[in-house]
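Colleague: Got protein.txt for you, compact mmCIF, C-alpha atoms:
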```
# COMPACT_ATOMS: atom_id res chain seq x y z
CA MET A 81 34.44 64.44 131.91
CA ASP A 82 32.90 63.87 128.49
CA SER A 83 30.29 66.53 129.11
CA ASN A 84 33.02 69.00 130.08
CA LEU A 85 34.77 68.33 126.79
CA ALA A 86 31.45 68.74 124.99
CA ALA A 87 30.93 72.07 126.77
CA GLY A 88 34.30 73.24 125.55
CA LEU A 89 33.47 72.16 122.02
CA ALA A 90 30.10 73.92 122.22
CA MET A 91 31.87 77.20 122.93
CA ILE A 92 33.60 76.99 119.53
CA GLY A 93 30.33 78.46 118.33
CA ALA A 94 31.21 81.70 120.09
CA ILE A 95 33.81 82.46 117.38
CA GLY A 96 31.16 83.45 114.84
CA PRO A 97 29.30 86.01 116.98
CA GLY A 98 32.69 87.35 118.10
CA ILE A 99 33.66 88.12 114.52
CA GLY A 100 30.18 89.43 113.82
CA LEU A 101 30.22 91.79 116.80
CA GLY A 102 33.64 93.07 115.71
CA ILE A 103 32.39 93.80 112.20
CA GLY A 104 29.27 95.48 113.54
CA PHE A 105 31.17 97.64 115.98
CA SER A 106 33.79 98.64 113.41
CA LYS A 107 31.06 99.66 110.95
CA ALA A 108 29.27 101.66 113.63
CA MET A 109 32.51 103.48 114.49
CA GLU A 110 33.14 104.09 110.80
CA ALA A 111 29.68 105.59 110.42
CA LEU A 112 30.24 107.69 113.52
CA GLY A 113 33.54 108.93 112.12
CA ARG A 114 31.93 109.95 108.86
CA ASN A 115 28.96 111.60 110.47
CA PRO A 116 29.27 112.31 114.20
CA ASP A 117 25.81 113.93 114.25
CA ALA A 118 24.21 110.58 113.45
CA ALA A 119 25.16 109.13 116.85
CA GLY A 120 21.55 109.22 118.07
CA THR A 121 20.23 107.57 114.92
CA ILE A 122 22.89 104.86 114.91
CA PHE A 123 22.53 103.99 118.60
CA VAL A 124 19.25 102.05 118.60
CA PRO A 125 19.83 99.86 115.50
CA TYR A 126 23.40 99.30 116.71
CA ILE A 127 22.30 98.08 120.14
CA LEU A 128 19.63 95.86 118.55
CA GLY A 129 22.05 94.38 116.02
CA LEU A 130 24.54 93.81 118.81
CA ALA A 131 21.92 92.01 120.89
CA LEU A 132 20.77 89.82 118.00
CA THR A 133 24.35 88.86 117.13
CA GLU A 134 25.29 88.27 120.71
CA ALA A 135 22.29 85.95 121.20
CA ILE A 136 24.00 83.27 119.08
CA GLY A 137 27.01 83.31 121.39
CA ILE A 138 24.69 83.18 124.38
CA TYR A 139 23.00 80.06 122.98
CA CYS A 140 26.40 78.33 122.86
CA PHE A 141 27.07 79.48 126.38
CA VAL A 142 23.73 78.21 127.70
CA VAL A 143 24.33 74.84 126.02
CA ALA A 144 27.79 74.68 127.60
CA LEU A 145 26.40 75.56 131.03
CA ILE A 146 23.68 72.92 130.76
CA LEU A 147 26.32 70.36 129.76
CA ILE A 148 28.48 71.22 132.77
CA PHE A 149 25.95 71.74 135.53
CA THR A 150 23.28 69.13 134.88
CA MET B 276 39.87 68.34 138.35
CA PRO B 277 36.11 68.72 137.68
CA ALA B 278 35.30 67.54 141.21
CA GLU B 279 37.74 70.10 142.63
CA GLN B 280 36.20 72.88 140.55
CA ALA B 281 32.76 71.90 141.71
CA LYS B 282 33.92 72.44 145.28
CA LEU B 283 35.53 75.80 144.44
CA ILE B 284 32.26 77.42 143.36
CA HIS B 285 28.72 76.21 143.81
CA VAL B 286 26.55 76.94 140.77
CA ALA B 287 22.89 76.02 140.59
CA LEU B 288 21.46 76.22 137.07
CA LYS B 289 17.89 76.38 138.34
CA ALA B 290 16.50 78.40 141.21
CA GLU B 291 16.47 76.55 144.51
CA ARG B 292 13.37 75.91 146.59
CA LEU B 293 13.24 77.78 149.87
CA PHE B 294 9.87 76.74 151.32
CA ASN B 295 6.38 75.72 150.27
CA ILE B 296 3.12 77.62 150.57
CA GLY B 297 0.66 74.78 150.18
CA PRO B 298 1.46 73.04 146.87
CA PHE B 299 3.23 76.20 145.69
CA GLU B 300 7.02 76.13 145.73
CA VAL B 301 8.71 79.40 146.62
CA THR B 302 12.19 79.63 145.07
CA ASN B 303 14.91 82.15 145.83
CA SER B 304 14.59 83.83 142.43
CA MET B 305 10.94 84.53 143.20
CA ILE B 306 12.08 86.38 146.32
CA GLY B 307 14.43 88.38 144.09
CA ALA B 308 11.63 89.27 141.68
CA LEU B 309 9.35 90.15 144.59
CA ILE B 310 11.92 92.51 146.13
CA ALA B 311 12.48 94.19 142.75
CA SER B 312 8.71 94.67 142.35
CA VAL B 313 8.40 96.10 145.86
CA ILE B 314 11.26 98.54 145.18
CA LEU B 315 9.60 99.67 141.93
CA LEU B 316 6.17 100.00 143.56
CA ALA B 317 7.62 102.00 146.45
CA ALA B 318 9.50 104.24 143.99
CA ALA B 319 6.33 104.70 141.93
CA TRP B 320 4.33 105.57 145.04
CA TYR B 321 6.97 107.99 146.31
CA PHE B 322 7.63 109.77 143.02
CA SER B 323 3.98 110.03 142.06
CA ARG B 324 3.34 111.86 145.35
CA SER B 325 6.42 114.02 145.59
CA SER B 326 7.05 114.90 141.94
CA ALA B 327 7.10 118.59 141.13
CA ILE B 328 7.08 120.62 137.93
CA VAL B 329 10.58 121.81 138.76
CA PRO B 330 12.31 118.55 139.65
CA ASN B 331 14.76 118.31 142.51
CA ARG B 332 18.04 116.49 142.10
CA LEU B 333 16.77 112.96 142.86
CA GLN B 334 13.72 113.35 140.64
CA SER B 335 15.74 114.56 137.65
CA LEU B 336 18.18 111.66 138.17
CA ILE B 337 15.27 109.21 137.91
CA GLU B 338 13.57 111.09 135.08
CA LEU B 339 16.63 111.29 132.83
CA PRO B 340 16.84 107.61 131.70
CA ILE B 341 13.04 107.35 131.46
CA GLU B 342 12.84 110.45 129.28
CA LEU B 343 15.67 109.13 127.11
CA LEU B 344 13.92 105.78 126.59
CA THR B 345 10.56 107.46 126.03
CA GLY B 346 12.20 109.60 123.35
CA ILE B 347 13.48 106.50 121.57
CA VAL B 348 10.07 104.81 121.77
CA ALA B 349 8.32 107.97 120.57
CA SER B 350 10.43 107.96 117.40
CA SER B 351 9.32 104.42 116.48
CA THR B 352 5.71 104.79 115.30
CA SER B 353 2.82 107.20 115.69
CA ARG B 354 1.05 104.69 117.97
CA TRP B 355 3.87 104.80 120.53
CA ARG B 356 1.56 105.90 123.35
CA GLY B 357 -0.04 102.46 123.24
CA TYR B 358 3.08 100.58 124.23
CA VAL B 359 5.50 103.07 125.79
CA SER B 360 4.51 102.11 129.34
CA LEU B 361 5.18 98.42 128.63
CA VAL B 362 8.62 99.12 127.16
CA VAL B 363 9.68 101.44 129.99
CA GLY B 364 8.17 99.07 132.55
CA LEU B 365 10.11 96.10 131.19
CA PHE B 366 13.29 98.18 131.21
CA LEU B 367 12.85 99.30 134.82
CA MET B 368 11.88 95.84 136.08
CA ILE B 369 14.87 94.12 134.46
CA LEU B 370 17.23 96.92 135.48
CA VAL B 371 16.21 96.79 139.14
CA ALA B 372 16.21 92.97 139.17
CA ASN B 373 19.69 92.87 137.62
CA TRP B 374 21.23 95.48 139.88
CA LEU B 375 19.62 93.86 142.92
CA GLY B 376 21.72 90.77 142.17
CA LEU B 377 24.93 92.78 142.54
CA LEU B 378 24.22 93.90 146.11
CA PRO B 379 26.38 92.26 148.77
CA GLY B 380 24.56 89.42 150.51
CA VAL B 381 22.48 88.44 147.47
CA GLY B 382 23.56 84.92 146.54
CA THR B 383 25.84 84.58 149.56
CA ILE B 384 23.53 84.68 152.60
CA GLY B 385 21.22 81.72 152.89
CA LEU B 386 20.28 78.39 154.33
CA LYS B 387 22.50 75.33 154.37
CA GLY B 388 21.54 72.84 151.69
CA GLN B 389 21.65 69.05 151.81
CA ALA B 390 25.17 68.76 150.36
CA GLY B 391 26.51 71.53 152.59
CA GLU B 392 26.20 74.22 149.91
CA ILE B 393 24.57 77.58 150.50
CA VAL B 394 21.00 77.98 149.29
CA PRO B 395 20.78 81.78 149.08
CA PHE B 396 17.65 83.57 150.24
CA VAL B 397 17.72 85.93 147.27
CA ARG B 398 18.80 85.09 143.73
CA PRO B 399 18.81 87.65 140.92
CA ALA B 400 15.44 87.11 139.26
CA ALA B 401 16.80 87.11 135.70
CA ALA B 402 19.24 84.29 136.58
CA ASP B 403 16.19 82.02 136.49
CA LEU B 404 14.75 81.06 133.09
CA ASN B 405 11.19 81.17 134.49
CA PHE B 406 11.40 84.93 135.07
CA THR B 407 12.90 85.79 131.68
CA LEU B 408 10.52 83.44 129.86
CA GLY B 409 7.62 85.09 131.69
CA LEU B 410 8.72 88.54 130.51
CA ALA B 411 9.29 87.22 126.98
CA ILE B 412 5.76 85.75 126.93
CA ILE B 413 4.36 89.15 127.95
CA SER B 414 6.32 90.78 125.13
CA PHE B 415 5.27 88.06 122.66
CA VAL B 416 1.59 88.34 123.53
CA VAL B 417 1.73 92.13 123.16
CA PHE B 418 3.37 92.22 119.74
CA VAL B 419 1.14 89.46 118.36
CA TRP B 420 -1.83 91.32 119.83
CA TRP B 421 -0.75 94.53 118.05
CA ALA B 422 -0.42 92.67 114.76
CA ILE B 423 -3.86 91.05 115.18
CA ARG B 424 -5.45 94.29 116.33
CA LEU B 425 -4.26 96.28 113.30
CA HIS B 426 -4.39 93.42 110.82
CA GLY B 427 -7.28 91.31 111.98
CA PRO B 428 -6.74 87.58 112.62
CA ILE B 429 -7.07 86.78 108.89
CA GLY B 430 -4.60 89.51 107.96
CA TYR B 431 -2.12 88.22 110.53
CA LEU B 432 -2.34 84.70 109.10
CA LYS B 433 -1.92 86.16 105.59
CA GLU B 434 1.19 87.98 106.81
CA LEU B 435 2.55 84.69 108.13
CA ALA B 436 1.79 82.97 104.81
CA GLY B 437 3.93 85.47 102.91
CA GLU B 438 3.55 87.22 99.58
CA PRO B 439 3.72 84.67 96.74
CA LYS B 440 0.66 82.61 97.58
CA VAL B 441 2.18 79.54 95.88
CA LEU B 442 4.95 79.41 98.45
CA ALA B 443 2.56 79.67 101.43
CA PRO B 444 2.85 75.99 102.51
CA LEU B 445 6.63 76.43 102.67
CA MET B 446 6.76 79.94 104.14
CA PHE B 447 4.02 79.57 106.76
CA PRO B 448 5.97 77.15 109.03
CA ILE B 449 9.14 79.19 108.55
CA HIS B 450 7.41 82.42 109.58
CA LEU B 451 5.69 80.65 112.47
CA ILE B 452 9.01 79.32 113.75
CA SER B 453 10.66 82.72 113.34
CA GLU B 454 7.87 84.28 115.43
CA LEU B 455 8.26 81.64 118.13
CA SER B 456 12.06 81.90 118.04
CA ARG B 457 11.72 85.50 119.22
CA LEU B 458 10.30 84.08 122.43
CA VAL B 459 13.30 81.78 122.85
CA SER B 460 15.91 84.37 121.89
CA LEU B 461 14.46 87.08 124.15
CA SER B 462 14.37 84.84 127.21
CA MET B 463 17.62 82.96 126.57
CA ARG B 464 19.58 86.16 125.94
CA LEU B 465 18.61 87.74 129.24
CA PHE B 466 18.97 84.50 131.21
CA GLY B 467 22.33 83.67 129.63
CA ASN B 468 23.76 87.11 130.25
CA VAL B 469 22.67 87.45 133.86
CA PHE B 470 23.51 83.86 134.77
CA ALA B 471 26.90 84.15 133.05
CA GLY B 472 27.53 87.32 135.04
CA GLU B 473 26.79 85.53 138.30
CA VAL B 474 29.08 82.64 137.40
CA LEU B 475 31.78 85.06 136.24
CA LEU B 476 31.73 86.98 139.54
CA ALA B 477 31.82 83.76 141.59
CA THR B 478 34.67 82.39 139.46
CA MET B 479 36.73 85.57 139.74
CA LEU B 480 36.35 85.61 143.51
CA ALA B 481 37.14 81.89 143.76
CA LEU B 482 40.19 82.20 141.49
CA THR B 483 41.72 85.16 143.32
CA THR B 484 41.12 83.70 146.79
CA ALA B 485 42.19 80.14 145.88
CA VAL B 486 45.92 80.69 146.42
CA ALA B 487 47.51 82.93 149.08
CA PHE B 488 49.86 84.35 146.42
CA THR B 489 47.01 85.99 144.47
CA LEU B 490 45.13 87.17 147.56
CA PRO B 491 45.97 90.90 147.09
CA LEU B 492 44.31 90.68 143.67
CA ALA B 493 41.06 89.70 145.38
CA LEU B 494 40.79 93.26 146.65
CA PHE B 495 40.13 94.79 143.24
CA VAL B 496 39.76 92.16 140.49
CA PRO B 497 36.17 91.15 141.48
CA GLY B 498 35.42 94.87 141.80
CA VAL B 499 36.33 95.44 138.15
CA PHE B 500 33.95 92.69 137.12
CA LEU B 501 31.25 94.04 139.42
CA GLY B 502 31.52 97.35 137.56
CA LEU B 503 31.31 95.49 134.27
CA GLU B 504 28.19 93.65 135.47
CA LEU B 505 26.65 96.99 136.44
CA LEU B 506 27.04 98.06 132.80
CA PHE B 507 25.83 94.72 131.39
CA GLY B 508 22.76 94.74 133.63
CA ALA B 509 21.73 98.11 132.22
CA VAL B 510 22.56 97.12 128.61
CA GLN B 511 20.56 93.89 128.84
CA ALA B 512 17.57 95.72 130.30
CA LEU B 513 17.81 98.25 127.45
CA VAL B 514 18.19 95.48 124.86
CA PHE B 515 15.12 93.61 126.11
CA ALA B 516 13.03 96.79 126.12
CA LEU B 517 14.25 97.94 122.69
CA LEU B 518 13.72 94.52 121.11
CA THR B 519 10.17 94.45 122.45
CA MET B 520 9.70 97.90 120.93
CA ALA B 521 11.22 96.77 117.62
CA TYR B 522 8.94 93.73 117.42
CA ILE B 523 5.86 95.85 118.13
CA THR B 524 7.08 98.39 115.54
CA LEU B 525 7.48 95.60 113.00
CA ALA B 526 3.98 94.31 113.77
CA ILE B 527 2.60 97.82 113.16
CA ALA B 528 4.81 98.60 110.16
CA GLU B 529 3.80 95.38 108.38
CA HIS B 530 0.27 96.61 108.68
CA GLN B 531 1.22 99.94 107.11
CA GLU B 532 2.89 98.22 104.15
CA GLY B 533 -0.11 95.95 103.70
CA HIS B 534 -2.56 98.86 103.67
CA ALA B 535 -0.60 101.64 102.02
CA ALA B 536 -3.88 103.22 100.89
CA ASP B 537 -4.74 104.10 104.48
CA ALA B 538 -3.63 107.70 104.68
CA ASP B 539 -4.02 108.14 108.42
CA HIS B 540 -1.10 105.91 109.37
CA GLY B 541 1.23 106.08 106.44
CA GLU B 542 3.78 108.04 108.45
CA ASN B 543 7.57 107.94 108.58
CA VAL B 544 8.27 104.29 107.85
CA ALA B 545 11.43 105.20 105.99
CA THR B 546 12.90 107.39 108.73
CA ASP B 547 11.91 104.97 111.47
CA PRO B 548 15.22 104.07 113.18
CA SER B 549 14.20 100.56 114.18
CA HIS B 550 12.59 99.69 110.87
CA SER B 551 15.87 98.47 109.43
CA THR B 552 16.20 95.97 112.26
CA PRO B 553 17.25 92.56 110.94
CA ALA B 554 14.87 89.70 111.60
CA PRO B 555 15.95 87.76 114.70
CA ALA B 556 17.91 84.54 114.33
```
Can you turn what I pasted into structure tokens?

Modeller:
Amino acid sequence: MDSNLAAGLAMIGAIGPGIGLGIGFSKAMEALGRNPDAAGTIFVPYILGLALTEAIGIYCFVVALILIFT
Amino acid sequence: MPAEQAKLIHVALKAERLFNIGPFEVTNSMIGALIASVILLAAAWYFSRSSAIVPNRLQSLIELPIELLTGIVASSTSRWRGYVSLVVGLFLMILVANWLGLLPGVGTIGLKGQAGEIVPFVRPAAADLNFTLGLAIISFVVFVWWAIRLHGPIGYLKELAGEPKVLAPLMFPIHLISELSRLVSLSMRLFGNVFAGEVLLATMLALTTAVAFTLPLALFVPGVFLGLELLFGAVQALVFALLTMAYITLAIAEHQEGHAADADHGENVATDPSHSTPAPA
């Protein structure tokens, strides 16, 4: 029971990456709106930034899973 | 409530043992990785024999994503031929392993375990940390090897020590940890995503079939998430491959900054799309 509560608390850490992903995506769309031709150039750094941001959320998730299932 | 949930879906964090070959334990995720390898080898054998200059429909379908990825890798550095096969290989392996996990029967057909749960014959390979850590170690060894090859061992250590030599005792451990954290972040990202996908699919199916009232939803709600997992599997494979490429690019680009006098590889650092990649957390 305690570990389930701890897992829930661990997922609070997913708020940060959520905000970060939103900012990143909005900036990418903004850049795309200003210069639609740059789609190819934006794509790779965007995907990489997305992955690096998302990793923080995944860490929280892995911690939560370990708390629940072990 | 937790006990009831545990009955609703069975989730194993680590891969389960199927049988032993001598002292060697064979787990179900190893079967998954083996099947993915066999599929890739068979595809490689088939397409290397039957490929034509003018591709037929199947060949152009296969060639399209590979050409796209090769194009991205080719725009990273001038030494791209040295690592393009690794990047594309990682992408294909993870892609096939991820999509294999979405086939019906994978994770549902298996032996009966001790507690009455199902021990599936096949588990998606990337839902086991051993597989993703193995791939991350390959990637790690390759980008450190590129840095050492272009820099020399002394140059690599100098790069780790940082620029103001006074701060070296402080910066060296920080740089060392940031190098090692790439290993952790690469493997944990892939494992977390694929494992989360598996749990998500199981949960959606369990939730919609738990009560008779929501049973009609079970016809299409898990399907939506299956489609989503199809997308995530491809994105994660792409992310792993592109991050490997970015790390190798950084290892090469550091060399170019350190030896700006070398004219033969002072090429497009500024226009390099992955050069502005932030350092990993």

Colleague: Select all residues from chain A having any atom no more than 6 Å from an atom of chain B (counting all atoms listed in the file, ignoring ligands), output as a PDB file with C-alpha atoms, keeping the file's coordinate frame.

Modeller:
```pdb
ATOM      1  CA  PRO A 125      19.830  99.860 115.500  1.00  0.00           C
ATOM      2  CA  ALA A 135      22.290  85.950 121.200  1.00  0.00           C
ATOM      3  CA  ILE A 138      24.690  83.180 124.380  1.00  0.00           C
ATOM      4  CA  VAL A 142      23.730  78.210 127.700  1.00  0.00           C
TER       5      VAL A 142
END
```

Colleague: Which residue is closest to Leu112 of chain A? Choose from A:Tyr126, A:Gly100, A:Ala131, A:Ala90 and count all atoms listed in the file.

Modeller: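 Of all the options, A:Tyr126 lies closest to Leu112 of chain A.
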
Colleague: For segment 309-311 of chain B, list every protein, DNA or RNA residue within 7 Å, evaluated using all atoms listed in the file, and leave out those in the same chain fewer than 3 positions away; present the list as a PyMOL selection string.

Modeller: chain B and resi 305-306+314-315+368+371-372

Colleague: What is the atom CA of Gly385 of chain B-atom CA of Pro399 of chain B distance in Å, reported with one decimal?

Modeller: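 Answer for the atom CA of Gly385 of chain B to atom CA of Pro399 of chain B separation: 13.6 Å.
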
Colleague: For Ala512 of chain B, list every protein, DNA or RNA residue within 8 Å, evaluated using all atoms listed in the file, and leave out those in the same chain fewer than 2 positions away; present the list as number ranges by chain.

Modeller: B: 365-367, 369-370, 508-510, 514-516

Colleague: Counting all atoms listed in the file, which residue out of B:Ala308, B:Val486, B:Val381, B:Val417 sits closest to Tyr358 of chain B?

Modeller: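 When distances to Tyr358 of chain B are compared using all atoms listed in the file, the smallest one comes from B:Val417.
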
Colleague: Measure the distance from atom CA of Pro497 of chain B to atom CA of Thr133 of chain A in Å and round it to one decimal.

Modeller: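 Answer for the atom CA of Pro497 of chain B to atom CA of Thr133 of chain A separation: 27.2 Å.
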
Colleague: Take atom CA of Gly129 of chain A and atom CA of Lys107 of chain A and report the distance between them in Å, one decimal.

Modeller: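 Interatomic distance, atom CA of Gly129 of chain A to atom CA of Lys107 of chain A: 11.6 Å.
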
Colleague: Excluding Gly137 of chain A and its own-chain neighbours fewer than 6 positions away, which residues fall within 7 Å of it when counting only C-alpha atoms? Please give them as a PyMOL selection string.

Modeller: chain A and resi 93-94+97

Colleague: Counting all atoms listed in the file, what is within 7 Å of Ile384 of chain B, bar same-chain residues fewer than 4 positions away, as a short mmCIF file (atom, residue, chain, number, x, y, z; two decimals) with C-alpha atoms, keeping the file's coordinate frame?

Modeller:
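Written file, out.cif:
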```cif
data_model
loop_
_atom_site.label_atom_id
_atom_site.label_comp_id
_atom_site.auth_asym_id
_atom_site.auth_seq_id
_atom_site.Cartn_x
_atom_site.Cartn_y
_atom_site.Cartn_z
CA GLY B 380 24.56 89.42 150.51
CA PRO B 395 20.78 81.78 149.08
CA PHE B 396 17.65 83.57 150.24
#
```

Colleague: Find the residues around segment 443-448 of chain B up to 9 Å (only C-alpha atoms counted), leave out those fewer than 5 positions away in its own chain, and share them as an NGL selection string.

Modeller: :B and (432-438 or 453)

Colleague: Mind writing segment 81-133 of chain A to a file for me, with C-alpha atoms, as a PDB file, in the first residue's frame?

Modeller:
```
ATOM      1  CA  MET A  81       0.000   0.000   0.000  1.00  0.00           C
ATOM      2  CA  ASP A  82       2.790   2.398   0.960  1.00  0.00           C
ATOM      3  CA  SER A  83       4.718   1.567  -2.183  1.00  0.00           C
ATOM      4  CA  ASN A  84       1.619   2.269  -4.288  1.00  0.00           C
ATOM      5  CA  LEU A  85       1.340   5.695  -2.694  1.00  0.00           C
ATOM      6  CA  ALA A  86       5.052   6.241  -3.315  1.00  0.00           C
ATOM      7  CA  ALA A  87       4.556   5.265  -6.961  1.00  0.00           C
ATOM      8  CA  GLY A  88       1.826   7.856  -7.275  1.00  0.00           C
ATOM      9  CA  LEU A  89       4.044  10.475  -5.683  1.00  0.00           C
ATOM     10  CA  ALA A  90       6.912   9.535  -7.998  1.00  0.00           C
ATOM     11  CA  MET A  91       4.729  10.329 -11.002  1.00  0.00           C
ATOM     12  CA  ILE A  92       4.473  13.962  -9.833  1.00  0.00           C
ATOM     13  CA  GLY A  93       7.815  14.242 -11.579  1.00  0.00           C
ATOM     14  CA  ALA A  94       6.040  13.771 -14.901  1.00  0.00           C
ATOM     15  CA  ILE A  95       4.638  17.315 -14.653  1.00  0.00           C
ATOM     16  CA  GLY A  96       7.962  18.911 -15.574  1.00  0.00           C
ATOM     17  CA  PRO A  97       8.621  16.958 -18.783  1.00  0.00           C
ATOM     18  CA  GLY A  98       4.958  17.481 -19.709  1.00  0.00           C
ATOM     19  CA  ILE A  99       5.381  21.241 -19.583  1.00  0.00           C
ATOM     20  CA  GLY A 100       8.736  20.959 -21.311  1.00  0.00           C
ATOM     21  CA  LEU A 101       7.346  18.867 -24.169  1.00  0.00           C
ATOM     22  CA  GLY A 102       4.518  21.381 -24.599  1.00  0.00           C
ATOM     23  CA  ILE A 103       6.953  24.281 -24.834  1.00  0.00           C
ATOM     24  CA  GLY A 104       9.164  22.384 -27.260  1.00  0.00           C
ATOM     25  CA  PHE A 105       6.283  21.393 -29.491  1.00  0.00           C
ATOM     26  CA  SER A 106       4.783  24.886 -29.493  1.00  0.00           C
ATOM     27  CA  LYS A 107       8.150  26.385 -30.475  1.00  0.00           C
ATOM     28  CA  ALA A 108       8.588  23.823 -33.237  1.00  0.00           C
ATOM     29  CA  MET A 109       5.128  24.648 -34.605  1.00  0.00           C
ATOM     30  CA  GLU A 110       5.919  28.356 -34.358  1.00  0.00           C
ATOM     31  CA  ALA A 111       9.118  27.835 -36.332  1.00  0.00           C
ATOM     32  CA  LEU A 112       7.218  25.760 -38.869  1.00  0.00           C
ATOM     33  CA  GLY A 113       4.623  28.495 -39.224  1.00  0.00           C
ATOM     34  CA  ARG A 114       7.268  31.119 -39.846  1.00  0.00           C
ATOM     35  CA  ASN A 115       9.238  29.016 -42.267  1.00  0.00           C
ATOM     36  CA  PRO A 116       7.446  25.936 -43.631  1.00  0.00           C
ATOM     37  CA  ASP A 117      10.462  25.063 -45.798  1.00  0.00           C
ATOM     38  CA  ALA A 118      12.536  24.384 -42.686  1.00  0.00           C
ATOM     39  CA  ALA A 119      10.475  21.299 -41.790  1.00  0.00           C
ATOM     40  CA  GLY A 120      13.310  18.937 -42.742  1.00  0.00           C
ATOM     41  CA  THR A 121      15.885  20.901 -40.760  1.00  0.00           C
ATOM     42  CA  ILE A 122      13.678  21.191 -37.681  1.00  0.00           C
ATOM     43  CA  PHE A 123      12.663  17.525 -37.632  1.00  0.00           C
ATOM     44  CA  VAL A 124      15.844  15.874 -36.321  1.00  0.00           C
ATOM     45  CA  PRO A 125      16.697  18.340 -33.506  1.00  0.00           C
ATOM     46  CA  TYR A 126      12.999  18.377 -32.581  1.00  0.00           C
ATOM     47  CA  ILE A 127      12.791  14.593 -32.265  1.00  0.00           C
ATOM     48  CA  LEU A 128      16.045  14.529 -30.277  1.00  0.00           C
ATOM     49  CA  GLY A 129      14.927  17.304 -27.929  1.00  0.00           C
ATOM     50  CA  LEU A 130      11.607  15.534 -27.499  1.00  0.00           C
ATOM     51  CA  ALA A 131      13.375  12.287 -26.624  1.00  0.00           C
ATOM     52  CA  LEU A 132      15.730  13.937 -24.136  1.00  0.00           C
ATOM     53  CA  THR A 133      12.865  15.766 -22.426  1.00  0.00           C
TER      54      THR A 133
END
```
